[in-house]
Structure formats: C-alpha cells, structure tokens
$ cat structure.txt   # compact mmCIF, C-alpha atoms
# COMPACT_ATOMS: atom_id res chain seq x y z
CA GLY A 1 -47.93 -63.90 -150.75
CA GLY A 2 -47.45 -60.25 -149.97
CA GLY A 3 -46.47 -59.37 -153.54
CA THR A 4 -48.80 -58.74 -156.46
CA ALA A 5 -50.16 -61.41 -158.77
CA ALA A 6 -48.32 -60.00 -161.77
CA PRO A 7 -44.54 -60.28 -162.34
CA GLN A 8 -42.59 -57.36 -160.88
CA ASN A 9 -40.33 -55.12 -162.94
CA SER A 10 -36.62 -55.21 -162.29
CA GLY A 11 -33.61 -53.91 -164.19
CA THR A 12 -33.28 -50.55 -165.87
CA GLY A 13 -33.36 -49.03 -169.28
CA GLU A 14 -36.23 -48.43 -171.67
CA GLY A 15 -37.38 -51.72 -173.08
CA GLY A 16 -34.62 -53.51 -171.18
CA ALA A 17 -36.37 -54.19 -167.91
CA VAL A 18 -36.77 -57.85 -167.07
CA ARG A 19 -39.89 -58.72 -165.13
CA THR A 20 -39.32 -61.28 -162.39
CA LEU A 21 -41.88 -63.60 -160.83
CA THR A 22 -40.62 -64.97 -157.51
CA VAL A 23 -42.25 -68.22 -156.41
CA ALA A 24 -41.91 -69.92 -153.01
CA ASN A 25 -42.61 -73.64 -153.20
CA TRP A 26 -41.38 -77.12 -152.36
CA GLN A 27 -38.54 -78.11 -154.70
CA GLY A 28 -39.77 -80.30 -157.54
CA TYR A 29 -43.42 -79.49 -156.90
CA GLY A 30 -44.60 -78.53 -160.36
CA SER A 31 -43.92 -74.82 -160.61
CA ASP A 32 -40.18 -75.36 -161.17
CA ALA A 33 -40.58 -78.04 -163.83
CA GLU A 34 -38.42 -77.01 -166.78
CA TYR A 35 -41.21 -77.29 -169.33
CA ALA A 36 -43.57 -75.19 -167.20
CA VAL A 37 -41.03 -72.45 -166.44
CA GLN A 38 -39.93 -72.13 -170.06
CA ALA A 39 -43.49 -71.88 -171.35
CA PHE A 40 -44.45 -69.32 -168.71
CA GLU A 41 -41.37 -67.17 -169.27
CA GLU A 42 -41.91 -67.14 -173.04
CA ALA A 43 -45.63 -66.35 -172.74
CA ASN A 44 -45.09 -63.53 -170.24
CA ASN A 45 -41.66 -62.18 -171.22
CA CYS A 46 -40.30 -62.61 -167.71
CA LYS A 47 -37.90 -64.55 -165.52
CA VAL A 48 -39.20 -67.07 -162.96
CA VAL A 49 -37.15 -67.36 -159.75
CA HIS A 50 -37.82 -69.94 -157.04
CA GLN A 51 -37.24 -69.85 -153.31
CA TYR A 52 -37.60 -73.26 -151.70
CA PHE A 53 -38.91 -74.23 -148.27
CA ASP A 54 -38.86 -77.59 -146.48
CA SER A 55 -41.94 -77.14 -144.31
CA GLU A 56 -45.14 -75.10 -144.28
CA GLU A 57 -43.95 -73.35 -141.11
CA ALA A 58 -40.75 -72.37 -142.93
CA LEU A 59 -42.84 -70.83 -145.70
CA LEU A 60 -44.76 -68.66 -143.24
CA ASN A 61 -41.49 -67.59 -141.60
CA MET A 62 -40.08 -66.77 -145.03
CA LEU A 63 -42.95 -64.33 -145.54
CA ARG A 64 -42.73 -62.90 -142.03
CA GLN A 65 -38.99 -62.31 -142.27
CA GLY A 66 -38.74 -60.07 -145.31
CA GLY A 67 -40.69 -62.01 -147.93
CA LEU A 68 -43.65 -59.64 -148.08
CA GLY A 69 -43.39 -57.57 -151.22
CA GLN A 70 -40.52 -59.75 -152.48
CA ILE A 71 -42.28 -63.08 -153.05
CA ASP A 72 -45.11 -62.98 -155.58
CA VAL A 73 -46.62 -66.47 -155.48
CA VAL A 74 -46.61 -69.18 -152.82
CA LEU A 75 -47.97 -72.73 -152.72
CA PRO A 76 -49.11 -73.62 -149.18
CA ASN A 77 -51.62 -76.12 -147.87
CA MET A 78 -55.01 -74.49 -147.32
CA ALA A 79 -54.63 -74.92 -143.54
CA TYR A 80 -51.58 -72.64 -143.66
CA VAL A 81 -53.45 -70.11 -145.76
CA ALA A 82 -55.82 -69.97 -142.79
CA ILE A 83 -52.89 -69.24 -140.47
CA GLY A 84 -51.32 -66.71 -142.81
CA LYS A 85 -54.50 -64.75 -143.37
CA ARG A 86 -54.66 -63.93 -139.64
CA GLU A 87 -51.30 -62.18 -140.10
CA ASN A 88 -52.18 -60.53 -143.43
CA LEU A 89 -49.53 -62.55 -145.27
CA PHE A 90 -51.66 -63.04 -148.39
CA GLN A 91 -53.44 -60.66 -150.74
CA PRO A 92 -56.84 -61.34 -152.33
CA ILE A 93 -56.87 -62.91 -155.80
CA ASP A 94 -59.14 -61.54 -158.53
CA VAL A 95 -60.61 -64.89 -159.56
CA SER A 96 -62.65 -63.21 -162.31
CA ARG A 97 -59.39 -63.12 -164.29
CA LEU A 98 -59.03 -66.91 -164.05
CA GLU A 99 -61.12 -68.31 -166.89
CA ASN A 100 -61.07 -71.90 -165.56
CA TYR A 101 -61.76 -71.07 -161.91
CA GLY A 102 -65.42 -72.04 -162.24
CA ASP A 103 -64.44 -75.51 -163.45
CA LEU A 104 -62.80 -76.39 -160.12
CA ARG A 105 -64.74 -78.65 -157.76
CA GLU A 106 -66.84 -76.40 -155.53
CA ASP A 107 -66.18 -78.41 -152.36
CA ILE A 108 -62.44 -77.92 -152.87
CA ARG A 109 -62.33 -74.30 -154.01
CA ASP A 110 -65.05 -72.87 -151.75
CA VAL A 111 -63.57 -73.42 -148.28
CA GLU A 112 -63.35 -70.95 -145.41
CA ASP A 113 -59.60 -71.50 -144.94
CA VAL A 114 -58.82 -69.58 -148.13
CA LYS A 115 -61.28 -66.70 -147.66
CA ASP A 116 -60.67 -63.46 -145.79
CA ALA A 117 -63.24 -61.72 -143.57
CA ASP A 118 -64.84 -60.08 -146.62
CA GLY A 119 -65.13 -63.35 -148.54
CA ASN A 120 -62.24 -62.58 -150.91
CA ILE A 121 -60.31 -65.59 -152.20
CA LEU A 122 -56.69 -65.84 -150.96
CA GLY A 123 -55.75 -69.19 -152.49
CA VAL A 124 -56.71 -71.08 -155.65
CA PRO A 125 -56.58 -74.91 -155.49
CA TRP A 126 -53.69 -76.39 -157.44
CA THR A 127 -53.89 -80.03 -156.35
CA TRP A 128 -55.51 -82.20 -153.69
CA GLY A 129 -54.90 -85.60 -152.16
CA THR A 130 -54.90 -87.66 -148.99
CA THR A 131 -52.51 -88.46 -146.15
CA SER A 132 -52.38 -92.18 -145.61
CA LEU A 133 -50.24 -95.35 -145.38
CA GLY A 134 -47.60 -96.32 -147.91
CA TYR A 135 -46.17 -99.79 -147.38
CA ASN A 136 -44.01 -102.57 -148.74
CA PRO A 137 -46.17 -105.74 -148.93
CA ASP A 138 -43.04 -107.92 -148.88
CA ALA A 139 -42.16 -106.56 -145.44
CA ILE A 140 -45.68 -106.70 -143.98
CA SER A 141 -47.23 -109.78 -142.40
CA ASP A 142 -50.55 -108.10 -141.59
CA THR A 143 -53.42 -106.56 -143.51
CA VAL A 144 -52.77 -102.82 -143.77
CA ASP A 145 -56.21 -101.47 -142.87
CA SER A 146 -55.68 -99.45 -139.67
CA TRP A 147 -53.50 -96.62 -138.42
CA GLY A 148 -52.76 -98.92 -135.48
CA ILE A 149 -50.11 -100.74 -137.52
CA LEU A 150 -47.86 -97.73 -136.93
CA TRP A 151 -47.62 -98.82 -133.29
CA ASP A 152 -47.01 -102.51 -134.04
CA THR A 153 -43.66 -103.58 -132.56
CA ASP A 154 -43.37 -106.28 -135.23
CA TYR A 155 -42.05 -103.43 -137.38
CA MET A 156 -39.36 -102.20 -134.99
CA ASN A 157 -37.25 -99.39 -136.48
CA ASN A 158 -39.11 -99.84 -139.75
CA VAL A 159 -41.73 -97.05 -139.74
CA PHE A 160 -41.36 -93.57 -141.24
CA MET A 161 -43.51 -90.78 -139.81
CA LEU A 162 -43.98 -87.36 -141.41
CA ASP A 163 -41.96 -84.54 -139.85
CA SER A 164 -45.17 -82.52 -139.72
CA ILE A 165 -47.01 -81.70 -136.51
CA ARG A 166 -50.34 -81.30 -138.26
CA ASP A 167 -50.17 -84.59 -140.17
CA THR A 168 -48.66 -86.66 -137.36
CA MET A 169 -51.16 -85.44 -134.79
CA GLY A 170 -53.92 -85.77 -137.39
CA VAL A 171 -53.43 -89.45 -138.14
CA THR A 172 -53.10 -90.21 -134.42
CA LEU A 173 -56.31 -88.39 -133.60
CA LYS A 174 -58.05 -90.32 -136.37
CA TYR A 175 -56.74 -93.62 -134.98
CA LEU A 176 -58.08 -92.72 -131.54
CA GLY A 177 -61.52 -91.92 -132.97
CA TYR A 178 -61.33 -88.12 -132.94
CA SER A 179 -61.70 -85.55 -135.70
CA MET A 180 -58.40 -84.46 -137.24
CA ASN A 181 -59.54 -80.88 -136.71
CA THR A 182 -60.52 -81.16 -133.06
CA ARG A 183 -59.43 -78.57 -130.53
CA ASP A 184 -60.54 -80.67 -127.58
CA PRO A 185 -57.60 -80.57 -125.10
CA VAL A 186 -58.42 -84.09 -123.90
CA ALA A 187 -58.18 -85.45 -127.45
CA LEU A 188 -54.98 -83.52 -128.18
CA GLU A 189 -53.33 -84.77 -124.99
CA ALA A 190 -54.36 -88.34 -125.79
CA ALA A 191 -52.79 -88.08 -129.25
CA LYS A 192 -49.64 -86.54 -127.81
CA GLN A 193 -49.22 -89.39 -125.31
CA LYS A 194 -49.88 -91.97 -128.04
CA LEU A 195 -47.12 -90.47 -130.17
CA ILE A 196 -44.72 -90.43 -127.22
CA GLU A 197 -45.53 -94.09 -126.67
CA GLN A 198 -44.79 -94.81 -130.33
CA LYS A 199 -41.45 -93.02 -130.25
CA GLN A 200 -40.37 -94.70 -127.04
CA SER A 201 -41.27 -98.15 -128.42
CA GLY A 202 -38.60 -97.87 -131.11
CA VAL A 203 -40.81 -98.60 -134.12
CA VAL A 204 -40.09 -95.22 -135.75
CA LYS A 205 -37.01 -95.19 -137.94
CA ALA A 206 -37.21 -91.49 -138.80
CA TYR A 207 -39.43 -88.42 -138.97
CA GLN A 208 -39.08 -87.04 -142.50
CA VAL A 209 -40.91 -85.38 -145.37
CA ASP A 210 -38.74 -84.97 -148.45
CA GLU A 211 -36.77 -88.23 -148.19
CA THR A 212 -39.56 -90.61 -147.18
CA LYS A 213 -40.60 -91.51 -150.72
CA ASP A 214 -37.00 -92.25 -151.70
CA LYS A 215 -36.53 -94.45 -148.62
CA MET A 216 -39.67 -96.37 -149.51
CA VAL A 217 -38.54 -96.83 -153.13
CA ALA A 218 -35.21 -98.17 -151.87
CA GLY A 219 -36.95 -100.65 -149.57
CA GLU A 220 -35.57 -99.05 -146.41
CA ALA A 221 -38.90 -99.07 -144.56
CA ALA A 222 -41.91 -101.32 -144.20
CA LEU A 223 -44.42 -98.53 -143.53
CA ALA A 224 -44.67 -94.78 -143.95
CA VAL A 225 -47.22 -92.05 -143.41
CA MET A 226 -47.24 -90.43 -146.85
CA TRP A 227 -49.02 -87.83 -148.90
CA SER A 228 -50.78 -89.48 -151.85
CA GLY A 229 -48.66 -87.67 -154.43
CA ASP A 230 -45.44 -88.92 -152.86
CA ALA A 231 -46.93 -92.41 -152.59
CA GLN A 232 -47.79 -92.45 -156.30
CA TYR A 233 -44.29 -91.20 -157.13
CA ALA A 234 -42.83 -94.06 -155.08
CA ILE A 235 -45.12 -96.67 -156.64
CA ASP A 236 -44.24 -95.46 -160.14
CA LEU A 237 -40.57 -96.16 -159.34
CA ASN A 238 -41.20 -99.33 -157.35
CA PRO A 239 -44.45 -101.08 -158.41
CA ASP A 240 -44.11 -103.53 -155.50
CA LEU A 241 -45.18 -100.77 -153.10
CA ALA A 242 -48.79 -100.03 -152.14
CA TYR A 243 -50.93 -97.29 -150.58
CA ALA A 244 -53.98 -97.80 -148.34
CA ILE A 245 -56.65 -95.68 -146.66
CA PRO A 246 -57.19 -97.03 -143.10
CA LYS A 247 -60.63 -98.07 -141.91
CA GLU A 248 -60.61 -95.19 -139.40
CA GLY A 249 -60.47 -92.80 -142.35
CA SER A 250 -58.06 -90.10 -143.42
CA ASN A 251 -58.12 -86.50 -144.53
CA VAL A 252 -58.30 -84.61 -147.81
CA TRP A 253 -55.74 -81.84 -148.18
CA VAL A 254 -55.66 -79.06 -150.76
CA ASP A 255 -52.58 -77.11 -151.82
CA CYS A 256 -53.32 -73.62 -153.09
CA MET A 257 -51.53 -70.98 -155.12
$ encode --input "structure.txt" --output "structure tokens"
Amino acid sequence: GGGTAAPQNSGTGEGGAVRTLTVANWQGYGSDAEYAVQAFEEANNCKVVHQYFDSEEALLNMLRQGGLGQIDVVLPNMAYVAIGKRENLFQPIDVSRLENYGDLREDIRDVEDVKDADGNILGVPWTWGTTSLGYNPDAISDTVDSWGILWDTDYMNNVFMLDSIRDTMGVTLKYLGYSMNTRDPVALEAAKQKLIEQKQSGVVKAYQVDETKDKMVAGEAALAVMWSGDAQYAIDLNPDLAYAIPKEGSNVWVDCM
C-alpha cells in the first residue's frame, strides 16, 4: 500500500545496506509466522517488519496518516481495497511477475473491488472464507440454521457479535432478506433498528474480533458471529464446537495482498 512491491533499501555503506519489507497485517495472520518470515528473509536477503492493525478501518487510517511510502505490503479485505482505491492508497501490481496468479480461481481473483479505473490489479487473493455462526452445541437447545438465533433471548448475555460494521450489518441484512451489499436506505435502516433491538434485549455479551475465538474455545459463549478461519481455529482447539451456514445464506470474503 503506497510503497513499492519490492523491499526498500535502508542502512548505509557499500554492500552493508539492509533491505526492509514493511508489512501491515492482523497479528498472527500468516505473514508473521516464524517459518514464513525466516524463509522470505533468507531468499530475499532482507528484513521483514510488521505493523499490526485491529480493524480494516485502522489499516486505512494507518496508510492515510503517514503510511504511504513507508508500508510496502498490506493485507485487507477486498471491500477495503475498493475503499482505498478511491483515495489512491494502493499501487497496481504487475501480476505478470506472479507465476501462479493464473492458477487462482477466476471468480475470486477477477473482481471489480481490486481493479482500478484502467483495469490494473491492486490486490492479489491470499485467502477466502465465509462469515457465519460458530456455536457450542452443549449450550444450544435449538437447531442452528438461521441468523435469527442471534436475537433469541434464551441465550441472554451469551452471544458474541463481531466488532465490524460491515459484517454485523451484513448478517442482519441477510436475516431480513436483503442483499449484504444493498445501498437501499430502507433496508439499511431496518437492519440498524434490528441491531439496536438486539443490543437492548441483553443477548449480546460483547462485540469483539480478536478475542471471540478464544472466548468460544473457553466455553464463555453459546453463539458467535465468526469468520470461517477463526471458527476452524476454535474447533481445532475445542472439537466440541461447531460452525453453520444459516438457511438465509452468508457471504464469501476475500483477503488480498
């Protein structure tokens, strides 16, 4: 984002300069894995430095507030690439230099969100998944097949919602029968009021992102809106947990580098 695709030179002295690649990402989201960093640094004779964010909005603000030209690589959701491109926060990527680019699923790589006005690619898919319902079957007396369970007062103070406007509004719109991508003011107002109703009912224990999976693993919630990667992480640690796609449907998200 803002920087170039190649590591930047820093330091002084002939032959002594250390190239640095600065990456902005969620902590623990692949690019800072020890094995990956070590292999990359050895292959490219450079130093990898990470700057962490705790929300997509925080990433965009990081770029707006001095990150341009300082941060080389970012890992946002494709929807936030679409926001950032309107502010020229991302540079085009020469995908001809990526030998495996053509092996990516076309319906995931070839989306308008990651293209600029000239059709240049601004983001390359790194992973994809869904946003859906993680739950503890031992704490649930119902079949988990609808977003409506998030409003069920049988689970008072036992529901975790994502601290993400896009995802929280998205699942509510889906429950009400609207597209997650609608701009219809009537639909948006209906979803807003439904979320206010949910909060006022007392079913929501917390609005979180990073800690939700750990709370689920520890059995501190019956239900949670979760990204599929976090849900799988939680299930790996606690096989009693489960993950379901509601009958109303969900979304597919793509995170891009």
$ closest_atom_pairs --input "structure.txt" --of "range 114-151 of chain A" --to "range 72-93 of chain A" --cutoff "7 Å" --atoms "only C-alpha atoms" --output "CSV"
residue,atom,partner,partner_atom,distance
A:Val114,CA,A:Val81,CA,5.9
A:Asp116,CA,A:Lys85,CA,6.8
A:Asn120,CA,A:Pro92,CA,5.7
A:Ile121,CA,A:Pro92,CA,5.5
A:Leu122,CA,A:Pro92,CA,4.7
$ atom_distance --input "structure.txt" --atom1 "CA of Asp113 in chain A" --atom2 "CA of Leu162 in chain A"
22.5 Å
$ closest_residue --input "structure.txt" --among "A:His50, A:Lys213, A:Arg109, A:Arg183" --to "Cys256 in chain A" --atoms "only C-alpha atoms"
A:Arg109
$ closest_residue --input "structure.txt" --among "A:Leu176, A:Val252, A:Ala222, A:Val171" --to "Pro137 in chain A" --atoms "only C-alpha atoms"
A:Ala222
$ atom_distance --input "structure.txt" --atom1 "CA of Ile245 in chain A" --atom2 "CA of Ser146 in chain A"
8.0 Å
$ atom_distance --input "structure.txt" --atom1 "CA of Thr153 in chain A" --atom2 "CA of Ala231 in chain A"
23.2 Å
$ residues_around --input "structure.txt" --residues "Ser55 in chain A" --least-positions-apart "5" --cutoff "10 Å" --atoms "all atoms listed in the file" --output "tab-separated table (two decimals) with C-alpha atoms, in the coordinates of the input"
chain	number	residue	atom	x	y	z
A	25	ASN	CA	-42.61	-73.64	-153.20
A	26	TRP	CA	-41.38	-77.12	-152.36
A	60	LEU	CA	-44.76	-68.66	-143.24
A	61	ASN	CA	-41.49	-67.59	-141.60
A	76	PRO	CA	-49.11	-73.62	-149.18
A	163	ASP	CA	-41.96	-84.54	-139.85
A	164	SER	CA	-45.17	-82.52	-139.72
A	209	VAL	CA	-40.91	-85.38	-145.37
A	210	ASP	CA	-38.74	-84.97	-148.45
